[in-house]
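Enquirer: The following file, run.csv, comprises CSV, C-alpha atoms and all ligand atoms:
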chain,number,residue,atom,x,y,z
E,1,MET,CA,-24.8,-13.9,-51.8
E,2,SER,CA,-23.3,-16.7,-49.9
E,3,ASN,CA,-22.5,-19.8,-52.0
E,4,ILE,CA,-22.3,-22.0,-48.9
E,5,SER,CA,-25.2,-24.4,-49.0
E,6,LEU,CA,-26.5,-26.1,-45.9
E,7,THR,CA,-25.0,-29.4,-47.3
E,8,ARG,CA,-21.5,-27.7,-47.7
E,9,TYR,CA,-21.7,-26.1,-44.2
E,10,LEU,CA,-22.5,-29.5,-42.6
E,11,VAL,CA,-19.8,-31.3,-44.6
E,12,GLU,CA,-17.2,-28.7,-43.6
E,13,GLN,CA,-18.3,-28.8,-40.0
E,14,GLN,CA,-17.9,-32.6,-40.1
E,15,ARG,CA,-14.5,-32.3,-41.7
E,16,THR,CA,-12.9,-29.5,-39.8
E,17,HIS,CA,-14.5,-29.5,-36.4
E,18,GLY,CA,-15.6,-33.1,-36.1
E,19,HIS,CA,-18.8,-31.8,-34.6
E,20,ILE,CA,-21.2,-33.7,-36.9
E,21,PRO,CA,-21.1,-37.5,-37.3
E,22,GLY,CA,-22.4,-38.6,-40.7
E,23,GLN,CA,-25.7,-39.9,-39.4
E,24,LEU,CA,-26.4,-36.6,-37.7
E,25,ARG,CA,-25.5,-34.7,-40.9
E,26,LEU,CA,-28.1,-36.8,-42.8
E,27,LEU,CA,-30.7,-36.2,-40.1
E,28,ILE,CA,-30.3,-32.4,-40.2
E,29,GLU,CA,-30.5,-32.5,-44.0
E,30,VAL,CA,-33.7,-34.6,-43.9
E,31,VAL,CA,-35.2,-32.2,-41.4
E,32,ALA,CA,-34.3,-29.3,-43.6
E,33,ARG,CA,-35.9,-31.0,-46.6
E,34,ALA,CA,-39.1,-31.6,-44.6
E,35,CYS,CA,-39.1,-27.9,-43.6
E,36,LYS,CA,-38.9,-27.0,-47.3
E,37,ARG,CA,-42.0,-29.1,-47.9
E,38,ILE,CA,-43.8,-27.5,-45.0
E,39,SER,CA,-42.8,-24.0,-46.2
E,40,HIS,CA,-44.3,-24.9,-49.6
E,41,ALA,CA,-47.6,-25.9,-48.0
E,42,VAL,CA,-47.6,-22.7,-45.9
E,43,ASN,CA,-47.0,-20.6,-48.9
E,44,LYS,CA,-49.9,-22.1,-50.8
E,45,GLY,CA,-52.3,-21.2,-48.0
E,46,ALA,CA,-55.9,-21.2,-49.0
E,47,LEU,CA,-54.9,-22.3,-52.6
E,48,GLY,CA,-53.6,-25.5,-51.1
E,49,ASP,CA,-56.6,-25.9,-48.7
E,50,VAL,CA,-54.2,-26.0,-45.7
E,51,LEU,CA,-55.8,-23.3,-43.6
E,52,GLY,CA,-58.3,-23.7,-40.8
E,53,SER,CA,-59.0,-26.3,-38.1
E,54,ALA,CA,-58.7,-30.0,-38.6
E,55,GLY,CA,-61.5,-30.6,-36.1
E,56,THR,CA,-59.3,-32.7,-33.8
E,57,GLY,CA,-57.5,-32.1,-30.5
E,58,ASN,CA,-54.0,-33.0,-29.3
E,59,VAL,CA,-52.8,-34.4,-26.0
E,60,GLN,CA,-52.3,-30.8,-24.7
E,61,GLY,CA,-56.0,-30.1,-25.1
E,62,GLU,CA,-55.4,-27.7,-28.0
E,63,VAL,CA,-57.5,-27.7,-31.2
E,64,GLN,CA,-55.3,-28.9,-34.1
E,65,LYS,CA,-55.1,-26.9,-37.2
E,66,LYS,CA,-54.7,-28.6,-40.6
E,67,LEU,CA,-51.1,-27.4,-40.8
E,68,ASP,CA,-50.3,-28.8,-37.4
E,69,ILE,CA,-51.2,-32.3,-38.7
E,70,ILE,CA,-49.7,-31.8,-42.2
E,71,ALA,CA,-46.4,-30.6,-40.8
E,72,ASN,CA,-46.3,-33.5,-38.3
E,73,GLU,CA,-46.9,-36.0,-41.1
E,74,VAL,CA,-44.3,-34.4,-43.4
E,75,LEU,CA,-41.6,-34.7,-40.6
E,76,ILE,CA,-42.4,-38.3,-39.9
E,77,GLU,CA,-42.5,-39.4,-43.5
E,78,ALA,CA,-39.3,-37.6,-44.3
E,79,ASN,CA,-37.4,-39.1,-41.3
E,80,GLU,CA,-38.6,-42.6,-40.7
E,81,TRP,CA,-36.9,-44.5,-43.5
E,82,GLY,CA,-33.4,-42.9,-43.5
E,83,GLY,CA,-31.8,-45.2,-40.9
E,84,HIS,CA,-30.6,-42.3,-38.7
E,85,LEU,CA,-33.3,-42.4,-36.1
E,86,ALA,CA,-34.6,-44.7,-33.4
E,87,GLY,CA,-37.7,-42.7,-32.7
E,88,MET,CA,-39.5,-39.4,-32.7
E,89,ALA,CA,-41.7,-37.4,-30.4
E,90,SER,CA,-43.9,-34.5,-31.2
E,91,GLU,CA,-46.2,-32.0,-29.7
E,92,GLU,CA,-49.0,-33.4,-31.9
E,93,MET,CA,-48.6,-37.1,-30.9
E,94,GLU,CA,-49.5,-38.5,-27.5
E,95,GLY,CA,-46.9,-41.2,-27.4
E,96,ILE,CA,-43.5,-41.6,-29.0
E,97,TYR,CA,-43.2,-42.8,-32.6
E,98,VAL,CA,-40.9,-45.8,-32.9
E,99,VAL,CA,-39.3,-46.2,-36.3
E,100,PRO,CA,-41.2,-49.2,-37.9
E,101,ASN,CA,-39.4,-52.5,-38.1
E,102,ARG,CA,-39.3,-52.4,-41.9
E,103,PHE,CA,-36.7,-49.6,-41.7
E,104,PRO,CA,-33.2,-49.7,-40.3
E,105,LYS,CA,-32.8,-48.0,-36.9
E,106,GLY,CA,-30.2,-45.4,-36.0
E,107,GLU,CA,-28.9,-43.9,-32.8
E,108,TYR,CA,-30.7,-40.6,-32.7
E,109,LEU,CA,-34.0,-39.3,-31.3
E,110,LEU,CA,-35.8,-36.4,-33.0
E,111,LEU,CA,-38.3,-34.2,-31.1
E,112,PHE,CA,-40.3,-31.5,-32.7
E,113,ASP,CA,-43.0,-28.9,-32.5
E,114,PRO,CA,-44.1,-29.4,-36.1
E,115,LEU,CA,-45.9,-26.1,-36.4
E,116,ASP,CA,-45.3,-23.4,-33.9
E,117,GLY,CA,-47.6,-20.4,-33.8
E,118,SER,CA,-50.8,-22.2,-34.7
E,119,SER,CA,-52.9,-19.1,-33.9
E,120,ASN,CA,-51.1,-17.2,-36.6
E,121,ILE,CA,-51.6,-19.7,-39.5
E,122,ASP,CA,-54.9,-18.3,-40.7
E,123,VAL,CA,-53.8,-14.6,-40.5
E,124,ASN,CA,-50.7,-14.9,-42.6
E,125,VAL,CA,-48.2,-14.1,-39.8
E,126,SER,CA,-44.9,-15.9,-39.3
E,127,ILE,CA,-45.0,-19.5,-38.0
E,128,GLY,CA,-42.4,-22.2,-37.8
E,129,THR,CA,-41.0,-25.6,-37.0
E,130,ILE,CA,-38.8,-26.3,-33.9
E,131,PHE,CA,-36.6,-29.4,-33.5
E,132,SER,CA,-34.3,-31.0,-31.0
E,133,VAL,CA,-32.0,-34.0,-31.4
E,134,LEU,CA,-30.8,-36.4,-28.7
E,135,LYS,CA,-28.8,-39.5,-28.8
E,136,MET,CA,-30.2,-42.9,-27.6
E,137,PRO,CA,-28.7,-43.9,-24.3
E,138,GLU,CA,-25.8,-46.4,-24.8
E,139,ASP,CA,-26.5,-50.1,-24.7
E,140,ASP,CA,-30.2,-49.5,-24.9
E,141,ARG,CA,-32.1,-52.3,-26.6
E,142,GLY,CA,-35.4,-50.9,-27.5
E,143,VAL,CA,-36.6,-47.3,-27.7
E,144,ASP,CA,-39.2,-46.2,-25.1
E,145,GLU,CA,-40.4,-42.9,-23.6
E,146,ALA,CA,-37.8,-42.9,-20.9
E,147,ASP,CA,-35.0,-42.6,-23.5
E,148,PHE,CA,-36.4,-39.2,-24.5
E,149,LEU,CA,-36.4,-37.8,-21.0
E,150,GLN,CA,-32.9,-36.3,-21.1
E,151,CYS,CA,-31.9,-32.8,-19.9
E,152,GLY,CA,-31.6,-30.2,-22.6
E,153,HIS,CA,-27.8,-30.0,-22.1
E,154,HIS,CA,-27.6,-33.5,-23.8
E,155,GLN,CA,-29.0,-32.1,-27.1
E,156,VAL,CA,-26.6,-32.8,-30.0
E,157,ALA,CA,-28.4,-30.5,-32.5
E,158,ALA,CA,-31.3,-28.1,-32.3
E,159,GLY,CA,-32.9,-25.6,-34.6
E,160,TYR,CA,-36.0,-24.0,-36.0
E,161,CYS,CA,-37.3,-23.0,-39.4
E,162,VAL,CA,-39.4,-19.8,-39.6
E,163,TYR,CA,-41.9,-19.4,-42.4
E,164,GLY,CA,-42.1,-15.7,-42.7
E,165,PRO,CA,-41.3,-13.2,-45.5
E,166,GLN,CA,-38.3,-15.5,-46.0
E,167,THR,CA,-38.0,-19.1,-45.0
E,168,THR,CA,-35.0,-19.2,-42.6
E,169,LEU,CA,-33.4,-22.1,-40.9
E,170,VAL,CA,-31.4,-21.5,-37.7
E,171,LEU,CA,-29.2,-24.3,-36.4
E,172,THR,CA,-26.7,-25.2,-33.7
E,173,VAL,CA,-24.7,-28.4,-33.3
E,174,GLY,CA,-22.9,-27.0,-30.2
E,175,ASP,CA,-20.5,-24.7,-32.1
E,176,GLY,CA,-22.4,-21.4,-32.2
E,177,VAL,CA,-25.5,-20.6,-34.2
E,178,ALA,CA,-25.8,-20.4,-38.0
E,179,MET,CA,-28.6,-19.0,-40.1
E,180,PHE,CA,-29.6,-20.2,-43.6
E,181,THR,CA,-32.1,-18.7,-46.0
E,182,LEU,CA,-34.1,-20.8,-48.5
E,183,ASP,CA,-33.4,-19.9,-52.1
E,184,ARG,CA,-36.7,-20.9,-53.7
E,185,GLU,CA,-35.3,-21.0,-57.3
E,186,GLN,CA,-32.5,-23.3,-56.3
E,187,GLY,CA,-34.5,-25.2,-53.7
E,188,SER,CA,-31.6,-25.1,-51.2
E,189,PHE,CA,-30.8,-23.4,-48.0
E,190,PHE,CA,-27.7,-21.1,-48.1
E,191,LEU,CA,-25.7,-19.7,-45.2
E,192,THR,CA,-26.6,-16.1,-44.6
E,193,GLN,CA,-25.2,-15.5,-41.2
E,194,GLU,CA,-22.7,-17.3,-39.0
E,195,ASP,CA,-21.9,-17.0,-35.3
E,196,LEU,CA,-25.1,-15.1,-34.3
E,197,ARG,CA,-24.6,-13.1,-31.1
E,198,ILE,CA,-27.4,-11.8,-28.8
E,199,PRO,CA,-26.4,-8.4,-27.2
E,200,GLU,CA,-26.2,-8.8,-23.4
E,201,ASP,CA,-28.5,-5.8,-22.8
E,202,THR,CA,-31.7,-4.8,-24.5
E,203,LYS,CA,-34.6,-2.3,-24.4
E,204,GLU,CA,-37.1,-4.7,-25.9
E,205,PHE,CA,-39.3,-7.3,-24.2
E,206,ALA,CA,-41.8,-9.9,-25.5
E,207,ILE,CA,-44.6,-11.1,-23.2
E,208,ASN,CA,-48.4,-11.6,-23.6
E,209,MET,CA,-49.4,-8.5,-21.6
E,210,SER,CA,-53.0,-9.6,-21.4
E,211,ASN,CA,-52.0,-12.1,-18.8
E,212,MET,CA,-50.5,-9.5,-16.5
E,213,ARG,CA,-53.1,-9.9,-13.7
E,214,HIS,CA,-52.2,-13.6,-13.5
E,215,TRP,CA,-48.4,-13.2,-13.2
E,216,ASP,CA,-46.3,-13.9,-10.2
E,217,ALA,CA,-44.7,-11.0,-8.3
E,218,PRO,CA,-41.2,-11.2,-9.8
E,219,VAL,CA,-42.4,-11.0,-13.4
E,220,LYS,CA,-44.8,-8.2,-12.5
E,221,ARG,CA,-41.9,-6.3,-10.9
E,222,TYR,CA,-39.7,-6.7,-13.9
E,223,ILE,CA,-42.3,-5.6,-16.4
E,224,ASP,CA,-43.5,-2.7,-14.2
E,225,GLU,CA,-39.9,-1.4,-14.1
E,226,CYS,CA,-39.6,-1.7,-17.9
E,227,LEU,CA,-42.9,0.2,-18.3
E,228,ALA,CA,-41.8,3.0,-16.0
E,229,GLY,CA,-39.2,3.9,-18.7
E,230,LYS,CA,-36.7,6.7,-18.4
E,231,GLU,CA,-38.2,8.0,-15.2
E,232,GLY,CA,-38.2,4.5,-13.5
E,233,PRO,CA,-35.5,2.5,-11.8
E,234,ARG,CA,-34.1,1.2,-15.2
E,235,GLY,CA,-33.5,4.8,-16.5
E,236,LYS,CA,-34.4,3.9,-20.1
E,237,ASP,CA,-37.5,3.4,-22.3
E,238,PHE,CA,-38.5,-0.1,-23.3
E,239,ASN,CA,-40.3,-1.3,-26.4
E,240,MET,CA,-42.6,-4.2,-26.6
E,241,ARG,CA,-43.1,-6.8,-29.3
E,242,TRP,CA,-45.3,-9.9,-29.2
E,243,VAL,CA,-45.8,-12.0,-32.4
E,244,ALA,CA,-47.3,-14.9,-30.5
E,245,SER,CA,-45.2,-17.4,-32.5
E,246,MET,CA,-42.3,-18.4,-30.3
E,247,VAL,CA,-40.2,-19.0,-33.4
E,248,ALA,CA,-40.7,-15.5,-34.7
E,249,ASP,CA,-40.2,-13.9,-31.2
E,250,VAL,CA,-37.0,-15.9,-30.7
E,251,HIS,CA,-35.8,-15.2,-34.2
E,252,ARG,CA,-36.1,-11.5,-33.5
E,253,ILE,CA,-34.1,-11.9,-30.3
E,254,LEU,CA,-31.3,-13.9,-32.1
E,255,THR,CA,-31.3,-11.1,-34.7
E,256,ARG,CA,-31.3,-8.0,-32.5
E,257,GLY,CA,-31.6,-9.0,-28.9
E,258,GLY,CA,-34.4,-8.8,-26.4
E,259,ILE,CA,-36.1,-10.8,-23.7
E,260,PHE,CA,-38.9,-13.3,-24.3
E,261,MET,CA,-41.1,-14.6,-21.4
E,262,TYR,CA,-43.9,-17.1,-21.1
E,263,PRO,CA,-43.9,-17.4,-17.3
E,264,TRP,CA,-45.9,-19.6,-15.0
E,265,ASP,CA,-49.2,-17.8,-14.2
E,266,LYS,CA,-52.2,-18.3,-11.9
E,267,ARG,CA,-54.6,-19.3,-14.7
E,268,GLU,CA,-53.5,-22.9,-14.5
E,269,PRO,CA,-51.5,-23.0,-11.2
E,270,GLU,CA,-50.9,-26.7,-11.3
E,271,LYS,CA,-49.0,-26.4,-14.6
E,272,PRO,CA,-45.4,-25.1,-14.5
E,273,GLY,CA,-46.1,-23.0,-17.7
E,274,LYS,CA,-47.6,-23.0,-21.1
E,275,LEU,CA,-44.7,-23.9,-23.3
E,276,ARG,CA,-43.3,-27.4,-23.8
E,277,LEU,CA,-39.9,-28.3,-22.3
E,278,MET,CA,-38.9,-30.9,-24.9
E,279,TYR,CA,-40.2,-29.3,-28.2
E,280,GLU,CA,-39.9,-25.6,-27.4
E,281,ALA,CA,-37.9,-24.5,-24.4
E,282,ASN,CA,-34.9,-26.9,-24.7
E,283,PRO,CA,-34.1,-26.3,-28.4
E,284,MET,CA,-34.7,-22.6,-28.1
E,285,GLY,CA,-32.8,-22.4,-24.8
E,286,TRP,CA,-29.8,-24.1,-26.3
E,287,LEU,CA,-29.8,-21.8,-29.4
E,288,VAL,CA,-30.0,-18.7,-27.2
E,289,GLU,CA,-27.2,-19.9,-25.0
E,290,GLN,CA,-25.1,-20.8,-28.0
E,291,ALA,CA,-25.6,-17.2,-29.2
E,292,GLY,CA,-24.4,-15.8,-25.8
E,293,GLY,CA,-27.8,-15.3,-24.2
E,294,ALA,CA,-29.4,-17.1,-21.3
E,295,ALA,CA,-32.6,-19.2,-20.7
E,296,THR,CA,-34.1,-20.0,-17.3
E,297,ASN,CA,-37.5,-20.9,-15.8
E,298,GLY,CA,-37.0,-18.1,-13.3
E,299,ARG,CA,-35.2,-20.3,-10.9
E,300,GLN,CA,-33.1,-22.7,-12.9
E,301,ARG,CA,-31.3,-23.0,-16.2
E,302,ILE,CA,-33.8,-24.6,-18.6
E,303,LEU,CA,-31.2,-27.0,-20.0
E,304,ASP,CA,-30.6,-28.5,-16.5
E,305,ILE,CA,-34.2,-29.4,-15.9
E,306,GLN,CA,-34.7,-33.1,-15.7
E,307,PRO,CA,-37.8,-33.9,-17.7
E,308,LYS,CA,-40.3,-36.2,-16.0
E,309,LYS,CA,-42.7,-36.6,-18.9
E,310,LEU,CA,-42.7,-36.1,-22.6
E,311,HIS,CA,-45.2,-33.3,-22.8
E,312,GLU,CA,-43.9,-31.5,-19.7
E,313,ARG,CA,-44.6,-27.8,-19.6
E,314,VAL,CA,-42.2,-25.1,-18.3
E,315,SER,CA,-42.0,-21.4,-17.5
E,316,VAL,CA,-39.7,-19.7,-20.1
E,317,ILE,CA,-37.5,-16.6,-19.7
E,318,LEU,CA,-34.9,-16.3,-22.4
E,319,GLY,CA,-32.8,-13.8,-24.4
E,320,SER,CA,-30.3,-11.1,-23.6
E,321,LYS,CA,-28.2,-12.3,-20.7
E,322,ASN,CA,-28.3,-9.4,-18.3
E,323,GLU,CA,-32.1,-9.1,-18.6
E,324,VAL,CA,-32.6,-12.9,-18.0
E,325,GLU,CA,-30.3,-12.8,-15.0
E,326,ARG,CA,-32.2,-9.8,-13.6
E,327,VAL,CA,-35.6,-11.6,-13.9
E,328,THR,CA,-34.0,-14.7,-12.4
E,329,LYS,CA,-32.6,-12.6,-9.5
E,330,TYR,CA,-36.0,-11.1,-8.8
E,331,HIS,CA,-37.4,-14.7,-8.4
E,332,ALA,CA,-34.6,-15.6,-6.0
E,333,GLU,CA,-35.2,-12.4,-4.0
E,334,ALA,CA,-39.0,-13.2,-3.7
E,335,SER,CA,-38.5,-16.7,-2.4
U,1,LIG,P1,-48.1,-23.9,-30.6
U,1,LIG,O1,-48.7,-23.1,-31.8
U,1,LIG,O2,-47.0,-24.8,-31.0
U,1,LIG,O3,-49.1,-24.6,-29.8
U,1,LIG,O4,-47.3,-22.8,-29.7
U,1,LIG,C1,-47.9,-21.6,-29.4
U,1,LIG,C2,-47.1,-20.9,-28.3
U,1,LIG,C3,-46.0,-20.1,-28.7
U,1,LIG,O5,-45.6,-20.2,-30.0
U,1,LIG,C4,-46.3,-18.7,-28.4
U,1,LIG,O6,-45.3,-18.1,-27.8
U,1,LIG,C5,-47.5,-18.8,-27.5
U,1,LIG,O7,-48.0,-20.1,-27.6
U,1,LIG,C6,-48.6,-17.8,-27.8
U,1,LIG,O8,-49.4,-17.7,-26.7
U,1,LIG,P2,-50.6,-16.7,-26.6
U,1,LIG,O9,-51.8,-17.4,-27.2
U,1,LIG,O10,-50.7,-16.5,-25.1
U,1,LIG,O11,-50.2,-15.4,-27.3
U,2,MN,MN,-50.1,-26.4,-30.3
U,3,MN,MN,-45.2,-24.1,-30.2
U,4,MN,MN,-47.2,-26.5,-32.4
Please lay out the structure from this file as C-alpha cells.
Expert:
Amino acid sequence: MSNISLTRYLVEQQRTHGHIPGQLRLLIEVVARACKRISHAVNKGALGDVLGSAGTGNVQGEVQKKLDIIANEVLIEANEWGGHLAGMASEEMEGIYVVPNRFPKGEYLLLFDPLDGSSNIDVNVSIGTIFSVLKMPEDDRGVDEADFLQCGHHQVAAGYCVYGPQTTLVLTVGDGVAMFTLDREQGSFFLTQEDLRIPEDTKEFAINMSNMRHWDAPVKRYIDECLAGKEGPRGKDFNMRWVASMVADVHRILTRGGIFMYPWDKREPEKPGKLRLMYEANPMGWLVEQAGGAATNGRQRILDIQPKKLHERVSVILGSKNEVERVTKYHAEAS
C-alpha cells in the first residue's frame, strides 16, 4: 500500500514543482476533509436518516434530496473560516456565497456540485462531489458573481470524490491526475495511482439511451455506428455503460477509457444541455484533458467556453480523445 498521504503529496507538489501555493494546499485539504464527512453520512444511509427527499427545490428546478443539502452545508462549514477563500458557488445555491466578514478572506473561489448523482442516493449506487477552484481576478475589491464567470482553462485545481465501494478522491492541479483512496481506519486519503492516462481509443460509450429520439443528428449518427458493431462502419463491437452519476461514469473513463455524452436534446431546446458548466463540465473536462482525453460541447472545447451565468448548462462530450474528436467532427460536418 502507498504510504503517501494526500497531505504529503500536496507538500511535495508544492516543494518540488511549485504548483501549489500554501493557500491552495490548505483549500484542497479542507475540501478533502469535507468529502470525508460526506462519505461518512453517505455510508450511514438510512441509519443516519440521510436518505430521501428534503421537500425543497433548487434554482435548476430539481427536487433536492436530503444529502444534496447536507453535502452543501458540510462544504460551506468546512471552507468558510480557513481564510483561503473569497467566496463559493454551488449547484444547490441560487446566488454566490460570500465568506462572512467575521472570517478572513483569501484569494480563491470554490465551486461545487455537492452531491452528484442524486437519483442514485436512495438505491445505494455510487454518487460523489465535484469541485473546481478559480482565483479571484487581480485588484478586485469585493467578490461578486462576475468574478466566478471565468473560462474553465483558468481553473487552478479541480477534482471529485466518488462515494462507491471505496471512497476515492481524484485531483488535478495542472500537473496530471492523481487518485487517492480513503483509508477509513486511519481517516486519511492515500495516493493509489499517479499520472492517470485515458486510452485514445475505446469500445465503450455512456449515454442515456432513453433520450435517443430527442438527439441531434450528429449524436444519433455516432451512436448508430457504435450499435452497428463489427458489421458497421466502425468494424468493432461497442459496449454500453450508464451509471447516471457523472462522477461514476467519468471515474470509469479515467480508469479504463470510454466516452461520456450528455448532449443537447430537443426536450428543452432553449437550454444548451442538462449538465452544469461551472460545477460539472469544467472540472471534469479539465481532469479528462489532464489525463490525455478531450472534452467538447460538440463544437468547442469545454474549457474555452466563456460562461455568461453561474448556473449555465452545457452539452458535454468527453473521454477518449479519438472518439470525442470523431463526435465533434460529425457536428462540424452537419453544420
Ligand atoms: P445531479 O445529481 O448533480 O443533479 O446531477 C445528475 C446528472 C449527472 O450526474 C448524470 O450524468 C445525469 O444527471 C443523469 O441524468 P439522467 O437522469 O438522464 O440519467
Ligand atoms: Mn441536482
Ligand atoms: Mn451533478
Ligand atoms: Mn448535484
Enquirer: Determine, counting only C-alpha atoms, which protein, DNA and RNA residues have an atom within 7 Å of an atom of Asp237 in chain E; residues of the same chain fewer than 3 positions away are not included. Present the result as an MDAnalysis selection string.
Expert: chainID E and resid 203 229:230
Enquirer: Need to verify the contact set: Arg184 in chain E, 9 Å, all atoms listed in the file, exclusion of same-chain residues closer than 4 positions in sequence. Can you return it as a ChimeraX atom specification?
Expert: /E:167,188-189
Enquirer: Give me, as CSV, each residue of chain E that comes within 9 Å of ligand LIG 1 (chain U), together with its shortest interatomic pair and the distance in Å at one decimal, counting only C-alpha atoms and all ligand atoms, with rows ordered by chain and rising residue number.
Expert:
residue,atom,partner,partner_atom,distance
E:Gln60,CA,U:LIG1,O3,8.6
E:Glu62,CA,U:LIG1,O3,7.2
E:Gln64,CA,U:LIG1,O3,8.7
E:Asp68,CA,U:LIG1,O1,8.1
E:Glu91,CA,U:LIG1,O2,7.4
E:Glu92,CA,U:LIG1,O2,8.9
E:Asp113,CA,U:LIG1,O2,5.9
E:Pro114,CA,U:LIG1,O2,7.5
E:Leu115,CA,U:LIG1,O2,5.7
E:Asp116,CA,U:LIG1,O2,3.6
E:Gly117,CA,U:LIG1,O1,3.5
E:Ser118,CA,U:LIG1,O1,3.7
E:Ser119,CA,U:LIG1,O1,6.2
E:Asn120,CA,U:LIG1,O1,8.0
E:Ile121,CA,U:LIG1,O1,8.9
E:Ile127,CA,U:LIG1,O5,8.1
E:Gly128,CA,U:LIG1,O2,8.6
E:Thr129,CA,U:LIG1,O2,8.5
E:Ile130,CA,U:LIG1,O2,8.8
E:Ile207,CA,U:LIG1,O11,8.2
E:Asn208,CA,U:LIG1,O11,5.6
E:Met209,CA,U:LIG1,O10,8.8
E:Ser210,CA,U:LIG1,O10,8.2
E:Asn211,CA,U:LIG1,O10,7.8
E:Trp242,CA,U:LIG1,O11,7.6
E:Val243,CA,U:LIG1,O11,7.5
E:Ala244,CA,U:LIG1,C6,4.2
E:Ser245,CA,U:LIG1,O5,3.8
E:Met246,CA,U:LIG1,O5,3.8
E:Val247,CA,U:LIG1,O5,6.5
E:Ala248,CA,U:LIG1,O5,8.3
E:Asp249,CA,U:LIG1,O6,7.4
E:Phe260,CA,U:LIG1,O6,8.7
E:Met261,CA,U:LIG1,O6,8.4
E:Tyr262,CA,U:LIG1,O6,6.9
E:Lys274,CA,U:LIG1,O7,7.1
E:Leu275,CA,U:LIG1,C2,6.3
E:Arg276,CA,U:LIG1,O4,8.5
E:Tyr279,CA,U:LIG1,O2,8.6
E:Glu280,CA,U:LIG1,O2,8.0
Enquirer: Save the residues we just selected, C-alpha atoms, as a PDB file, in the frame of the given file?
Expert:
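Written out: result-v9.pdb:
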ATOM      1  CA  GLN E  60     -52.300 -30.800 -24.700  1.00  0.00           C
ATOM      2  CA  GLU E  62     -55.400 -27.700 -28.000  1.00  0.00           C
ATOM      3  CA  GLN E  64     -55.300 -28.900 -34.100  1.00  0.00           C
ATOM      4  CA  ASP E  68     -50.300 -28.800 -37.400  1.00  0.00           C
ATOM      5  CA  GLU E  91     -46.200 -32.000 -29.700  1.00  0.00           C
ATOM      6  CA  GLU E  92     -49.000 -33.400 -31.900  1.00  0.00           C
ATOM      7  CA  ASP E 113     -43.000 -28.900 -32.500  1.00  0.00           C
ATOM      8  CA  PRO E 114     -44.100 -29.400 -36.100  1.00  0.00           C
ATOM      9  CA  LEU E 115     -45.900 -26.100 -36.400  1.00  0.00           C
ATOM     10  CA  ASP E 116     -45.300 -23.400 -33.900  1.00  0.00           C
ATOM     11  CA  GLY E 117     -47.600 -20.400 -33.800  1.00  0.00           C
ATOM     12  CA  SER E 118     -50.800 -22.200 -34.700  1.00  0.00           C
ATOM     13  CA  SER E 119     -52.900 -19.100 -33.900  1.00  0.00           C
ATOM     14  CA  ASN E 120     -51.100 -17.200 -36.600  1.00  0.00           C
ATOM     15  CA  ILE E 121     -51.600 -19.700 -39.500  1.00  0.00           C
ATOM     16  CA  ILE E 127     -45.000 -19.500 -38.000  1.00  0.00           C
ATOM     17  CA  GLY E 128     -42.400 -22.200 -37.800  1.00  0.00           C
ATOM     18  CA  THR E 129     -41.000 -25.600 -37.000  1.00  0.00           C
ATOM     19  CA  ILE E 130     -38.800 -26.300 -33.900  1.00  0.00           C
ATOM     20  CA  ILE E 207     -44.600 -11.100 -23.200  1.00  0.00           C
ATOM     21  CA  ASN E 208     -48.400 -11.600 -23.600  1.00  0.00           C
ATOM     22  CA  MET E 209     -49.400  -8.500 -21.600  1.00  0.00           C
ATOM     23  CA  SER E 210     -53.000  -9.600 -21.400  1.00  0.00           C
ATOM     24  CA  ASN E 211     -52.000 -12.100 -18.800  1.00  0.00           C
ATOM     25  CA  TRP E 242     -45.300  -9.900 -29.200  1.00  0.00           C
ATOM     26  CA  VAL E 243     -45.800 -12.000 -32.400  1.00  0.00           C
ATOM     27  CA  ALA E 244     -47.300 -14.900 -30.500  1.00  0.00           C
ATOM     28  CA  SER E 245     -45.200 -17.400 -32.500  1.00  0.00           C
ATOM     29  CA  MET E 246     -42.300 -18.400 -30.300  1.00  0.00           C
ATOM     30  CA  VAL E 247     -40.200 -19.000 -33.400  1.00  0.00           C
ATOM     31  CA  ALA E 248     -40.700 -15.500 -34.700  1.00  0.00           C
ATOM     32  CA  ASP E 249     -40.200 -13.900 -31.200  1.00  0.00           C
ATOM     33  CA  PHE E 260     -38.900 -13.300 -24.300  1.00  0.00           C
ATOM     34  CA  MET E 261     -41.100 -14.600 -21.400  1.00  0.00           C
ATOM     35  CA  TYR E 262     -43.900 -17.100 -21.100  1.00  0.00           C
ATOM     36  CA  LYS E 274     -47.600 -23.000 -21.100  1.00  0.00           C
ATOM     37  CA  LEU E 275     -44.700 -23.900 -23.300  1.00  0.00           C
ATOM     38  CA  ARG E 276     -43.300 -27.400 -23.800  1.00  0.00           C
ATOM     39  CA  TYR E 279     -40.200 -29.300 -28.200  1.00  0.00           C
ATOM     40  CA  GLU E 280     -39.900 -25.600 -27.400  1.00  0.00           C
TER      41      GLU E 280
END
Enquirer: Give the answer as one residue: which of E:Gly232, E:Pro307, E:Pro283, E:Pro137 has the shortest atom-to-atom distance to ligand MN 3 (chain U), using all atoms listed in the file?
Expert: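 Closest to ligand MN 3 (chain U), using all atoms listed in the file: E:Pro283.
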Enquirer: Using only C-alpha atoms, find each residue of range 192-242 of chain E with at least one atom at most 12 Å away from an atom of range 169-175 of chain E; report its shortest atom-to-atom pair and that distance in Å (one decimal), sort the rows by chain and rising residue number, and return the result as a tab-separated table.
Expert:
residue	atom	partner	partner_atom	distance
E:Thr192	CA	E:Leu169	CA	9.8
E:Gln193	CA	E:Val170	CA	9.3
E:Glu194	CA	E:Val170	CA	9.7
E:Asp195	CA	E:Asp175	CA	8.5
E:Leu196	CA	E:Val170	CA	9.6
Enquirer: From the options E:Ala217, E:Ala281, E:Val288, E:Glu77, which residue's atoms come nearest to His331 in chain E, counting only C-alpha atoms?
Expert: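 Answer, going by the shortest atom-to-atom distance: E:Ala217.
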Enquirer: For ligand MN 4 (chain U), which residue out of E:Met284, E:Gly176, E:Val63, E:Ala41 is the nearest one, using only C-alpha atoms and all ligand atoms?
Expert: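 Smallest distance to ligand MN 4 (chain U) is found for E:Val63.
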